[in-house]
Amino acid sequence: MELPEPDRFQDIREGMRDLCGGYPDAYWREVDARRGYPEDFVDALTKAGWLAALIPQEYGGSGLGLAEASVIMEEINRNGGNAGACHGQMYNMGTLLRHGSDEQKRHYLPRIASGELRLQSMGVTEPTTGTDTTRLRTTAVRKGERYVVNGQKVWISRIQHSDLMILLARTTPLSEVRRKSDGMSIFLVDLHHAIGHGMTVRPIANMVNHETNELFFDNLEIPVEQLIGEELDTLLAVSWGLGRGLGPEDLGRDGVEANTDRVQQEHPVEGSRHAPTGSTRRTAASCRCGSSRCARIATPGKRISRPLPRRSPTASRGWAPSPIC
């Protein structure tokens with residue numbers, strides 16, 4: 001495979017290639033053949049600190065930005081691995097980081113950074129709402145010091161390999177809110193407690209080796225302290241938190257659309273408009289350029305000036321391990 005030209009992320013790229021080199025194609029074929037989960041690989045990533053890249057240093061992470069995080073995921077796939085098995089552990093904590101209380105962050109983030117806890121799942125998608133998340137039917141009704149959850153989710157991945165799950169539920173009926181994106185709240189669910197005590201997991205068989213599930217909630221009780229942020233947070237806040245732990249103010253109200261347009265204008269990608277008729281192939285270089293540009297826009301001024309995760313001890317060149325990994 002053609003490798004990208006050296007860039008300012010070269011230390012990250014080389015560190016990831018060193019680690020991925022210990023997990024050749026035969027390893028991934030064996031995992032897929034038994035429809036398993038790459039535990040050894042994910043454990044190695046965790047111990048080296050790569051999956052804590054976006055967690056601030058004060059909570060045990062590297063405090064890196066989106067550009068660096070995207071390079072980590074890119075290199076896993078480039079070197080024959082499957083980033084889909086572990087990317088949730090990197091970014092799902094963004095909701096907790098942005099909207100959680102100081103106490104919640106102090107309690108959970110260091111344990112997520114170390115790998116003691118895995119937060120790889122988020123329960124948002126429902127079978128009857130299509131792409132309109134504002135019409136979700138899973139409800140959370142407060143009763144004393146607990147919320148009682150009822151409803152259903154579908155296509156929820158990595159439940160069997162997570163300790164915690166982000167759950168989106170409606171806390172105010174749709175008919176009682178001013179905007180349909182209001183009245184929804186986020187909860188942090190302890191899966192070890194929830195499964196078998198109001199939450200049922202039904203795996204969905206699929207053609208590829210990707211663990212995904214249907215979830216059923218029947219009077220699942222969640223302690224009030226597991227609410228992330230405030231009740232009635234809007235869907236906008238929820239979606240930004242789930243996506244990357246950033247808010248609209250980080251890019252401006254129209255930041256996403258404006259920056260997307262700017263990327264397309266500055267870095268046109270080969271496709272139906274730029275290639276011969278019928279061809280939709282995009283070059284790896286163009287895609288990489290566009291994704292990296294988006295990451296740089298979202299995290300202006302970010303540079304690799306903070307401690308990087310630990311490089312493999314078999315690396316040919318010197319490496320200064322981060323004191324926080």
# chains A, B, ... in the order shown; residues from 1 in each chain; ligands from 1
$ residues_around --residues "Ser157 of chain A" --least-positions-apart "2" --cutoff "10 Å" --atoms "only C-alpha atoms" --output "ChimeraX atom specification"
/A:84-85,88,120-123,154-155,159-162,203-204,210-214
$ write_last_selection --atoms "N, CA and C atoms" --output "PDB file, in the first residue's frame"
ATOM      1  N   GLY A  84     -13.047   0.227  13.574  1.00  0.00           N
ATOM      2  CA  GLY A  84     -14.437   0.176  14.002  1.00  0.00           C
ATOM      3  C   GLY A  84     -14.636  -0.609  15.285  1.00  0.00           C
ATOM      4  N   ALA A  85     -13.664  -1.431  15.639  1.00  0.00           N
ATOM      5  CA  ALA A  85     -13.790  -2.222  16.859  1.00  0.00           C
ATOM      6  C   ALA A  85     -13.511  -1.409  18.109  1.00  0.00           C
ATOM      7  N   GLY A  88     -15.084   3.841  19.308  1.00  0.00           N
ATOM      8  CA  GLY A  88     -16.020   4.354  20.293  1.00  0.00           C
ATOM      9  C   GLY A  88     -15.354   4.697  21.615  1.00  0.00           C
ATOM     10  N   GLN A 120     -17.861   2.323  25.035  1.00  0.00           N
ATOM     11  CA  GLN A 120     -17.780   2.139  23.587  1.00  0.00           C
ATOM     12  C   GLN A 120     -19.133   2.168  22.896  1.00  0.00           C
ATOM     13  N   SER A 121     -20.209   2.300  23.658  1.00  0.00           N
ATOM     14  CA  SER A 121     -21.552   2.211  23.072  1.00  0.00           C
ATOM     15  C   SER A 121     -22.359   3.461  23.355  1.00  0.00           C
ATOM     16  N   MET A 122     -23.230   3.805  22.406  1.00  0.00           N
ATOM     17  CA  MET A 122     -24.188   4.882  22.626  1.00  0.00           C
ATOM     18  C   MET A 122     -25.537   4.460  22.057  1.00  0.00           C
ATOM     19  N   GLY A 123     -26.562   4.592  22.881  1.00  0.00           N
ATOM     20  CA  GLY A 123     -27.901   4.172  22.492  1.00  0.00           C
ATOM     21  C   GLY A 123     -28.723   5.354  22.010  1.00  0.00           C
ATOM     22  N   VAL A 154     -31.881   0.208  18.499  1.00  0.00           N
ATOM     23  CA  VAL A 154     -31.445  -0.795  17.527  1.00  0.00           C
ATOM     24  C   VAL A 154     -30.147  -0.351  16.874  1.00  0.00           C
ATOM     25  N   TRP A 155     -29.363  -1.344  16.406  1.00  0.00           N
ATOM     26  CA  TRP A 155     -28.053  -1.106  15.798  1.00  0.00           C
ATOM     27  C   TRP A 155     -27.093  -0.444  16.801  1.00  0.00           C
ATOM     28  N   ILE A 159     -21.851  -3.465  22.734  1.00  0.00           N
ATOM     29  CA  ILE A 159     -22.423  -3.631  24.071  1.00  0.00           C
ATOM     30  C   ILE A 159     -21.667  -4.716  24.843  1.00  0.00           C
ATOM     31  N   GLN A 160     -21.367  -5.822  24.168  1.00  0.00           N
ATOM     32  CA  GLN A 160     -20.695  -6.942  24.834  1.00  0.00           C
ATOM     33  C   GLN A 160     -19.263  -6.630  25.220  1.00  0.00           C
ATOM     34  N   HIS A 161     -18.755  -5.509  24.764  1.00  0.00           N
ATOM     35  CA  HIS A 161     -17.365  -5.159  25.060  1.00  0.00           C
ATOM     36  C   HIS A 161     -17.292  -3.762  25.685  1.00  0.00           C
ATOM     37  N   SER A 162     -18.322  -3.410  26.434  1.00  0.00           N
ATOM     38  CA  SER A 162     -18.380  -2.112  27.101  1.00  0.00           C
ATOM     39  C   SER A 162     -18.832  -2.287  28.540  1.00  0.00           C
ATOM     40  N   PRO A 203     -28.617  -9.737  20.235  1.00  0.00           N
ATOM     41  CA  PRO A 203     -27.654  -9.555  19.136  1.00  0.00           C
ATOM     42  C   PRO A 203     -28.329  -9.673  17.767  1.00  0.00           C
ATOM     43  N   ILE A 204     -27.835  -8.885  16.818  1.00  0.00           N
ATOM     44  CA  ILE A 204     -28.344  -8.912  15.449  1.00  0.00           C
ATOM     45  C   ILE A 204     -27.318  -9.616  14.565  1.00  0.00           C
ATOM     46  N   HIS A 210     -19.232  -7.732  12.812  1.00  0.00           N
ATOM     47  CA  HIS A 210     -19.462  -6.478  13.534  1.00  0.00           C
ATOM     48  C   HIS A 210     -20.576  -6.716  14.528  1.00  0.00           C
ATOM     49  N   GLU A 211     -20.242  -6.645  15.809  1.00  0.00           N
ATOM     50  CA  GLU A 211     -21.206  -6.915  16.862  1.00  0.00           C
ATOM     51  C   GLU A 211     -22.147  -5.733  17.031  1.00  0.00           C
ATOM     52  N   THR A 212     -23.443  -5.973  16.802  1.00  0.00           N
ATOM     53  CA  THR A 212     -24.444  -4.930  16.971  1.00  0.00           C
ATOM     54  C   THR A 212     -25.716  -5.561  17.513  1.00  0.00           C
ATOM     55  N   ASN A 213     -26.585  -4.749  18.115  1.00  0.00           N
ATOM     56  CA  ASN A 213     -27.656  -5.323  18.923  1.00  0.00           C
ATOM     57  C   ASN A 213     -28.934  -4.492  18.901  1.00  0.00           C
ATOM     58  N   GLU A 214     -30.032  -5.162  19.294  1.00  0.00           N
ATOM     59  CA  GLU A 214     -31.266  -4.494  19.679  1.00  0.00           C
ATOM     60  C   GLU A 214     -31.283  -4.420  21.205  1.00  0.00           C
TER      61      GLU A 214
END
$ residues_around --residues "segment 54-58 of chain A" --least-positions-apart "4" --cutoff "7 Å" --atoms "only C-alpha atoms" --output "tab-separated table (two decimals) with C-alpha atoms, in the first residue's frame"
chain	number	residue	atom	x	y	z
A	62	SER	CA	-2.86	12.85	26.07
A	63	GLY	CA	-4.99	15.93	25.43
A	64	LEU	CA	-4.53	15.73	21.67
A	65	GLY	CA	-6.91	17.14	19.05
A	69	ALA	CA	-7.16	11.30	16.70
A	90	MET	CA	-11.87	7.23	21.85
A	113	ALA	CA	-8.27	6.70	29.92
$ residues_around --residues "Arg111 of chain A" --least-positions-apart "2" --cutoff "12 Å" --atoms "only C-alpha atoms" --output "PyMOL selection string"
chain A and resi 46+52+55+59-61+89+93+104-109+113-119+163-164
$ write_last_selection --atoms "C-alpha atoms" --output "PDB file, in the first residue's frame"
ATOM      1  CA  THR A  46      -5.214   1.049  25.484  1.00  0.00           C
ATOM      2  CA  ALA A  52      -7.048   8.165  25.460  1.00  0.00           C
ATOM      3  CA  ILE A  55      -8.950  12.925  27.016  1.00  0.00           C
ATOM      4  CA  TYR A  59      -7.755  13.148  33.531  1.00  0.00           C
ATOM      5  CA  GLY A  60      -4.965  10.831  32.392  1.00  0.00           C
ATOM      6  CA  GLY A  61      -5.166  11.263  28.616  1.00  0.00           C
ATOM      7  CA  GLN A  89     -13.639   4.196  23.248  1.00  0.00           C
ATOM      8  CA  MET A  93     -16.410  10.082  26.206  1.00  0.00           C
ATOM      9  CA  GLN A 104     -18.583  12.784  36.934  1.00  0.00           C
ATOM     10  CA  LYS A 105     -15.482  13.694  34.966  1.00  0.00           C
ATOM     11  CA  ARG A 106     -13.169  13.094  37.904  1.00  0.00           C
ATOM     12  CA  HIS A 107     -14.813   9.744  38.597  1.00  0.00           C
ATOM     13  CA  TYR A 108     -15.017   8.329  35.079  1.00  0.00           C
ATOM     14  CA  LEU A 109     -12.491   9.921  32.724  1.00  0.00           C
ATOM     15  CA  ALA A 113      -8.268   6.704  29.920  1.00  0.00           C
ATOM     16  CA  SER A 114      -6.582   3.763  31.653  1.00  0.00           C
ATOM     17  CA  GLY A 115      -8.931   1.224  30.085  1.00  0.00           C
ATOM     18  CA  GLU A 116     -10.355   0.152  33.437  1.00  0.00           C
ATOM     19  CA  LEU A 117     -13.742   1.169  32.032  1.00  0.00           C
ATOM     20  CA  ARG A 118     -14.832   0.887  28.425  1.00  0.00           C
ATOM     21  CA  LEU A 119     -17.350   3.418  27.145  1.00  0.00           C
ATOM     22  CA  ASP A 163     -18.891  -1.292  30.751  1.00  0.00           C
ATOM     23  CA  LEU A 164     -20.806   1.924  30.138  1.00  0.00           C
TER      24      LEU A 164
END
$ closest_residue --among "A:Arg35, A:Arg178, A:Arg170, A:His87" --to "Thr133 of chain A" --atoms "only C-alpha atoms"
A:Arg170
$ select_by_dssp --residues "segment 84-198 of chain A" --states "strand (DSSP E)" --output "compact mmCIF listing (two decimals) with N, CA and C atoms, in the first residue's frame"
# COMPACT_ATOMS: atom_id res chain seq x y z
N LEU A 119 -16.14 2.69 27.53
CA LEU A 119 -17.35 3.42 27.15
C LEU A 119 -17.38 3.42 25.62
N GLN A 120 -17.86 2.32 25.03
CA GLN A 120 -17.78 2.14 23.59
C GLN A 120 -19.13 2.17 22.90
N SER A 121 -20.21 2.30 23.66
CA SER A 121 -21.55 2.21 23.07
C SER A 121 -22.36 3.46 23.36
N MET A 122 -23.23 3.81 22.41
CA MET A 122 -24.19 4.88 22.63
C MET A 122 -25.54 4.46 22.06
N GLY A 123 -26.56 4.59 22.88
CA GLY A 123 -27.90 4.17 22.49
C GLY A 123 -28.72 5.35 22.01
N THR A 139 -38.38 6.64 26.66
CA THR A 139 -38.66 7.67 27.65
C THR A 139 -37.91 7.39 28.96
N ALA A 140 -37.61 8.47 29.67
CA ALA A 140 -37.02 8.38 31.00
C ALA A 140 -37.84 9.28 31.91
N VAL A 141 -38.57 8.68 32.83
CA VAL A 141 -39.46 9.42 33.73
C VAL A 141 -38.86 9.43 35.13
N ARG A 142 -38.70 10.62 35.68
CA ARG A 142 -38.11 10.71 37.01
C ARG A 142 -39.12 10.31 38.07
N LYS A 143 -38.67 9.42 38.96
CA LYS A 143 -39.47 8.99 40.10
C LYS A 143 -38.55 9.00 41.31
N ARG A 146 -34.53 8.37 41.01
CA ARG A 146 -34.21 7.51 39.87
C ARG A 146 -35.04 7.91 38.65
N TYR A 147 -34.52 7.58 37.49
CA TYR A 147 -35.27 7.68 36.24
C TYR A 147 -35.67 6.27 35.83
N VAL A 148 -36.90 6.13 35.38
CA VAL A 148 -37.39 4.83 34.90
C VAL A 148 -37.48 4.89 33.38
N VAL A 149 -36.73 4.00 32.73
CA VAL A 149 -36.58 4.04 31.28
C VAL A 149 -37.38 2.91 30.63
N ASN A 150 -38.12 3.27 29.57
CA ASN A 150 -38.85 2.28 28.77
C ASN A 150 -38.68 2.63 27.30
N GLY A 151 -38.53 1.61 26.47
CA GLY A 151 -38.37 1.85 25.04
C GLY A 151 -37.48 0.82 24.38
N GLN A 152 -36.97 1.19 23.21
CA GLN A 152 -36.19 0.25 22.41
C GLN A 152 -35.15 1.01 21.60
N LYS A 153 -33.98 0.40 21.42
CA LYS A 153 -32.93 0.92 20.56
C LYS A 153 -32.48 -0.18 19.62
N VAL A 154 -31.88 0.21 18.50
CA VAL A 154 -31.44 -0.80 17.53
C VAL A 154 -30.15 -0.35 16.87
N TRP A 155 -29.36 -1.34 16.41
CA TRP A 155 -28.05 -1.11 15.80
C TRP A 155 -27.09 -0.44 16.80
N ILE A 156 -27.10 -0.97 18.01
CA ILE A 156 -26.22 -0.45 19.07
C ILE A 156 -25.02 -1.39 19.18
N SER A 157 -23.86 -0.87 18.88
CA SER A 157 -22.66 -1.71 18.75
C SER A 157 -21.83 -1.76 20.03
N LEU A 164 -19.90 0.79 30.06
CA LEU A 164 -20.81 1.92 30.14
C LEU A 164 -21.40 2.20 28.77
N MET A 165 -22.56 2.86 28.75
CA MET A 165 -23.20 3.25 27.50
C MET A 165 -23.84 4.63 27.67
N ILE A 166 -23.68 5.46 26.66
CA ILE A 166 -24.39 6.73 26.59
C ILE A 166 -25.80 6.43 26.08
N LEU A 167 -26.82 6.92 26.77
CA LEU A 167 -28.21 6.68 26.38
C LEU A 167 -28.94 8.00 26.20
N LEU A 168 -29.62 8.13 25.06
CA LEU A 168 -30.45 9.30 24.78
C LEU A 168 -31.91 8.91 24.94
N ALA A 169 -32.63 9.63 25.80
CA ALA A 169 -34.04 9.32 26.03
C ALA A 169 -34.83 10.62 26.18
N ARG A 170 -36.11 10.53 25.90
CA ARG A 170 -36.95 11.72 26.03
C ARG A 170 -37.46 11.82 27.46
N MET A 184 -35.04 16.17 25.50
CA MET A 184 -34.27 14.92 25.51
C MET A 184 -33.07 15.08 26.42
N SER A 185 -32.70 13.98 27.08
CA SER A 185 -31.60 14.03 28.04
C SER A 185 -30.66 12.86 27.81
N ILE A 186 -29.44 13.01 28.34
CA ILE A 186 -28.40 11.99 28.17
C ILE A 186 -28.11 11.34 29.51
N PHE A 187 -27.96 10.02 29.48
CA PHE A 187 -27.65 9.27 30.69
C PHE A 187 -26.43 8.39 30.45
N LEU A 188 -25.72 8.13 31.53
CA LEU A 188 -24.59 7.20 31.49
C LEU A 188 -25.06 5.93 32.17
N VAL A 189 -25.15 4.85 31.39
CA VAL A 189 -25.73 3.60 31.89
C VAL A 189 -24.63 2.62 32.26
N ASP A 190 -24.71 2.08 33.48
CA ASP A 190 -23.81 1.01 33.93
C ASP A 190 -24.37 -0.30 33.37
$ residues_around --residues "Thr200 of chain A" --least-positions-apart "5" --cutoff "10 Å" --atoms "only C-alpha atoms" --output "list of chain:residue names"
A:Gln152, A:Ala194, A:Ile195, A:Asn213, A:Glu214, A:Leu215, A:Phe216, A:Phe217, A:Asp218, A:Leu220
$ write_last_selection --atoms "C-alpha atoms" --output "PDB file, in the first residue's frame"
ATOM      1  CA  GLN A 152     -36.186   0.254  22.410  1.00  0.00           C
ATOM      2  CA  ALA A 194     -28.648  -2.685  33.606  1.00  0.00           C
ATOM      3  CA  ILE A 195     -28.487  -5.978  31.698  1.00  0.00           C
ATOM      4  CA  ASN A 213     -27.656  -5.323  18.923  1.00  0.00           C
ATOM      5  CA  GLU A 214     -31.266  -4.494  19.679  1.00  0.00           C
ATOM      6  CA  LEU A 215     -31.889  -3.159  23.178  1.00  0.00           C
ATOM      7  CA  PHE A 216     -35.166  -3.364  25.082  1.00  0.00           C
ATOM      8  CA  PHE A 217     -35.876  -1.278  28.187  1.00  0.00           C
ATOM      9  CA  ASP A 218     -38.614  -2.397  30.560  1.00  0.00           C
ATOM     10  CA  LEU A 220     -34.893   0.121  33.800  1.00  0.00           C
TER      11      LEU A 220
END
$ decode --residues "segment 28-51 of chain A" --atoms "N, CA and C atoms" --output "compact mmCIF listing (two decimals), in the first residue's frame"
# COMPACT_ATOMS: atom_id res chain seq x y z
N TRP A 28 -6.00 -10.78 12.08
CA TRP A 28 -7.33 -10.26 11.77
C TRP A 28 -8.19 -11.30 11.06
N ARG A 29 -7.57 -12.16 10.24
CA ARG A 29 -8.34 -13.22 9.59
C ARG A 29 -8.88 -14.20 10.62
N GLU A 30 -8.06 -14.52 11.61
CA GLU A 30 -8.50 -15.45 12.65
C GLU A 30 -9.63 -14.86 13.47
N VAL A 31 -9.54 -13.57 13.81
CA VAL A 31 -10.60 -12.90 14.56
C VAL A 31 -11.90 -12.92 13.76
N ASP A 32 -11.82 -12.59 12.48
CA ASP A 32 -13.02 -12.58 11.64
C ASP A 32 -13.60 -13.97 11.46
N ALA A 33 -12.74 -14.97 11.32
CA ALA A 33 -13.21 -16.33 11.09
C ALA A 33 -14.06 -16.84 12.25
N ARG A 34 -13.71 -16.47 13.47
CA ARG A 34 -14.49 -16.91 14.63
C ARG A 34 -15.49 -15.85 15.07
N ARG A 35 -15.64 -14.80 14.25
CA ARG A 35 -16.55 -13.70 14.54
C ARG A 35 -16.29 -13.18 15.95
N GLY A 36 -15.01 -12.96 16.23
CA GLY A 36 -14.61 -12.53 17.55
C GLY A 36 -14.33 -11.04 17.64
N TYR A 37 -13.79 -10.64 18.77
CA TYR A 37 -13.43 -9.25 19.03
C TYR A 37 -11.92 -9.19 19.24
N PRO A 38 -11.23 -8.21 18.66
CA PRO A 38 -9.76 -8.16 18.74
C PRO A 38 -9.28 -7.66 20.11
N GLU A 39 -9.52 -8.45 21.15
CA GLU A 39 -9.20 -8.03 22.51
C GLU A 39 -7.72 -7.69 22.68
N ASP A 40 -6.85 -8.54 22.15
CA ASP A 40 -5.41 -8.30 22.33
C ASP A 40 -5.00 -6.97 21.71
N PHE A 41 -5.51 -6.70 20.52
CA PHE A 41 -5.16 -5.46 19.82
C PHE A 41 -5.69 -4.25 20.58
N VAL A 42 -6.94 -4.31 21.01
CA VAL A 42 -7.54 -3.18 21.73
C VAL A 42 -6.82 -2.97 23.06
N ASP A 43 -6.45 -4.06 23.73
CA ASP A 43 -5.70 -3.93 24.98
C ASP A 43 -4.36 -3.26 24.74
N ALA A 44 -3.69 -3.61 23.65
CA ALA A 44 -2.39 -3.00 23.34
C ALA A 44 -2.54 -1.51 23.06
N LEU A 45 -3.58 -1.14 22.31
CA LEU A 45 -3.84 0.28 22.04
C LEU A 45 -4.09 1.04 23.34
N THR A 46 -4.86 0.40 24.22
CA THR A 46 -5.21 1.05 25.48
C THR A 46 -3.98 1.24 26.36
N LYS A 47 -3.19 0.20 26.51
CA LYS A 47 -2.01 0.27 27.36
C LYS A 47 -1.00 1.30 26.84
N ALA A 48 -0.94 1.46 25.53
CA ALA A 48 -0.02 2.44 24.95
C ALA A 48 -0.56 3.85 25.01
N GLY A 49 -1.83 4.00 25.38
CA GLY A 49 -2.42 5.33 25.54
C GLY A 49 -3.08 5.90 24.31
N TRP A 50 -3.13 5.16 23.21
CA TRP A 50 -3.66 5.73 21.97
C TRP A 50 -5.15 6.04 22.07
N LEU A 51 -5.92 5.21 22.78
CA LEU A 51 -7.36 5.42 22.83
C LEU A 51 -7.76 6.53 23.80
